[in-house]
Amino acid sequence: MVHALDEIRRVLVPAGVLIDLRPLEARWPVEVASGTSTVEVGRLTDLPVAIADDEAATRAMQEAEMRGWFIREREEFFSYVYSWDTPSEMKEFMEDEWEGFEKLEESVYQSAQSAWAVANADARVQVRVKMLITRWKKSN
Amino acid sequence: MTLQRDPQHLERKALLRFADFRDKRVLEVGCGEGRLTWLYADSAHHVTAFDPDLDALRVARTDRPVRLESRVALTGASARHLPFPHEKFDIAILAWSL
């Protein structure tokens with residue numbers, strides 16, 4: 001990762017901008033949301049591979065900063081949702097796309113099913129993903 | 001499957017808050033299927049987006065909007081050895097790829 005950051009630095013103009021946009025493992029909330037309310041029914045379980053990836057990315061940027069390659073200018077956390085019509089569609093997606101990174105515990109799935117079943121007809125189930133965006137400036 | 005990803009477009013808004021793409025030459029590292037690329041490429045002068053996953057790139061090429069065909073170049077590459085000259089880009093984006 002550090003070598004890749006050095007390569008990016010090489011191809012950037014002086015004072016060029018590097019944007020690092022990525023999700024952060026933070027036991028993302030599982031919610032049932034309708035037009036009138038949003039209820040958290042549990043949280044996903046972060047798996048070790050995902051946590052290790054997060055830590056490695058953070059370490060790489062720290063290393064690049066320490067070497068004087070980039071200067072951190074601005075940083076924000078924000079979140080957005082992945083949303084499905086039904087809990088079973090959420091589960092299917094996670095098994096297909098997030099296997100090895102995030103785990104939907106059976107108890108959380110059942111809580112989502114229960115909450116969704118009694119919610120308004122427009123209710124959807126969603127996962128709120130925590131994101132980090134950082135702007136770095138290439139130092140000269 | 002009825003997945004809606006970021007229906008409020010918060011990721012795009014964050015990206016546009018953090019970088020002014022107007023008239024900029026942009027390098028996107030790890031573009032995958034181009035999901036993020038299509039969110040900002042209209043604002044840029046030119047985008048070079050790369051990924052080592054050739055299957056994902058094939059999807060990106062298929063999904064690339066016609067209006068972006070001359071503005072967005074998609075290529076297979078690894079971030080360890082970027083096949084570009086020194087100081088070619090104004091902005092680089094690590095798109096879920098660090």
# chains A, B, ... in the order shown; residues from 1 in each chain; ligands from 1
>>> residues_around(residues="Val30 in chain A", least_positions_apart="6", cutoff="6 Å", atoms="only C-alpha atoms", output="PyMOL selection string")
chain A and resi 40-43+126-127
>>> select_by_dssp(residues="chain B", states="alpha helix (DSSP H)", output="NGL selection string")
:B and (10-18 or 37-40 or 54-63)
>>> write_last_selection(atoms="C-alpha atoms", output="mmCIF file, in the first residue's frame")
data_model
loop_
_atom_site.group_PDB
_atom_site.id
_atom_site.type_symbol
_atom_site.label_atom_id
_atom_site.label_comp_id
_atom_site.auth_asym_id
_atom_site.auth_seq_id
_atom_site.Cartn_x
_atom_site.Cartn_y
_atom_site.Cartn_z
ATOM 1 C CA LEU B 10 -24.383 11.351 0.144
ATOM 2 C CA GLU B 11 -21.228 9.752 -1.223
ATOM 3 C CA ARG B 12 -21.352 11.897 -4.359
ATOM 4 C CA LYS B 13 -22.032 15.011 -2.318
ATOM 5 C CA ALA B 14 -19.055 14.293 -0.060
ATOM 6 C CA LEU B 15 -16.799 13.737 -3.038
ATOM 7 C CA LEU B 16 -17.850 17.008 -4.669
ATOM 8 C CA ARG B 17 -17.387 18.872 -1.368
ATOM 9 C CA PHE B 18 -13.842 17.598 -1.055
ATOM 10 C CA THR B 37 -16.610 7.188 -11.599
ATOM 11 C CA TRP B 38 -19.986 8.025 -13.105
ATOM 12 C CA LEU B 39 -20.784 10.186 -10.071
ATOM 13 C CA TYR B 40 -18.151 12.851 -10.720
ATOM 14 C CA LEU B 54 -10.478 -7.149 -15.703
ATOM 15 C CA ASP B 55 -13.955 -8.600 -15.174
ATOM 16 C CA ALA B 56 -14.977 -5.483 -13.281
ATOM 17 C CA LEU B 57 -13.493 -3.318 -16.029
ATOM 18 C CA ARG B 58 -15.526 -5.174 -18.622
ATOM 19 C CA VAL B 59 -18.669 -4.245 -16.695
ATOM 20 C CA ALA B 60 -17.448 -0.647 -16.427
ATOM 21 C CA ARG B 61 -16.917 -0.439 -20.178
ATOM 22 C CA THR B 62 -20.421 -1.759 -20.769
ATOM 23 C CA ASP B 63 -21.984 0.597 -18.228
#
>>> closest_residue(among="A:Ala26, A:Leu132, A:Val32, A:Ala57", to="chain B", atoms="only C-alpha atoms")
A:Ala57
>>> closest_atom_pairs(of="chain B", to="chain A", cutoff="7 Å", atoms="only C-alpha atoms", output="Markdown table")
| residue | atom | partner | partner_atom | distance |
| --- | --- | --- | --- | --- |
| B:Met1 | CA | A:Glu89 | CA | 6.3 |
| B:Thr2 | CA | A:Trp84 | CA | 5.5 |
| B:Leu3 | CA | A:Trp84 | CA | 4.8 |
| B:Gln4 | CA | A:Ser83 | CA | 5.0 |
| B:Arg5 | CA | A:Tyr82 | CA | 4.5 |
| B:Asp6 | CA | A:Val81 | CA | 5.2 |
| B:Leu10 | CA | A:Tyr80 | CA | 6.4 |
| B:Phe18 | CA | A:Arg135 | CA | 6.5 |
| B:Ala79 | CA | A:Ala4 | CA | 5.1 |
| B:Arg80 | CA | A:Ala4 | CA | 4.7 |
| B:His81 | CA | A:Glu7 | CA | 6.7 |
| B:Leu82 | CA | A:Glu7 | CA | 6.4 |
| B:Phe84 | CA | A:Val11 | CA | 6.7 |
| B:Pro85 | CA | A:Val11 | CA | 6.2 |
| B:His86 | CA | A:Val11 | CA | 4.4 |
| B:Glu87 | CA | A:Val13 | CA | 4.1 |
| B:Lys88 | CA | A:Val11 | CA | 5.4 |
| B:Phe89 | CA | A:Leu12 | CA | 4.8 |
| B:Asp90 | CA | A:Gly16 | CA | 5.0 |
| B:Ile91 | CA | A:Val17 | CA | 4.7 |
| B:Ala92 | CA | A:Leu18 | CA | 4.8 |
| B:Ile93 | CA | A:Ile19 | CA | 4.7 |
| B:Leu94 | CA | A:Asp20 | CA | 4.8 |
| B:Ala95 | CA | A:Leu21 | CA | 5.5 |
| B:Trp96 | CA | A:Arg22 | CA | 4.4 |
| B:Leu98 | CA | A:Ala57 | CA | 5.4 |
>>> closest_residue(among="B:Val29, B:Arg64, B:Leu36, B:Ala77", to="Pro52 in chain B", atoms="only C-alpha atoms")
B:Ala77
>>> residues_around(residues="Lys24 in chain B", least_positions_apart="2", cutoff="9 Å", atoms="only C-alpha atoms", output="VMD selection string")
chain B and resid 20 to 22 26 43 to 47 89 to 91
>>> atom_distance(atom1="CA of Met94 in chain A", atom2="CA of Ala33 in chain A")
18.4 Å
>>> atom_distance(atom1="CA of Glu102 in chain A", atom2="CA of Ala52 in chain A")
12.6 Å
>>> atom_distance(atom1="CA of Gly32 in chain B", atom2="CA of Phe50 in chain B")
7.7 Å
>>> decode(residues="range 13-26 of chain B", atoms="C-alpha atoms", output="compact mmCIF listing (two decimals), in the first residue's frame")
# COMPACT_ATOMS: atom_id res chain seq x y z
CA LYS B 13 -22.03 15.01 -2.32
CA ALA B 14 -19.06 14.29 -0.06
CA LEU B 15 -16.80 13.74 -3.04
CA LEU B 16 -17.85 17.01 -4.67
CA ARG B 17 -17.39 18.87 -1.37
CA PHE B 18 -13.84 17.60 -1.06
CA ALA B 19 -12.58 18.15 -4.58
CA ASP B 20 -13.24 20.62 -7.35
CA PHE B 21 -13.11 18.49 -10.49
CA ARG B 22 -13.70 21.29 -12.98
CA ASP B 23 -11.11 21.17 -15.76
CA LYS B 24 -9.04 18.67 -13.79
CA ARG B 25 -7.23 15.56 -14.98
CA VAL B 26 -8.30 12.83 -12.59
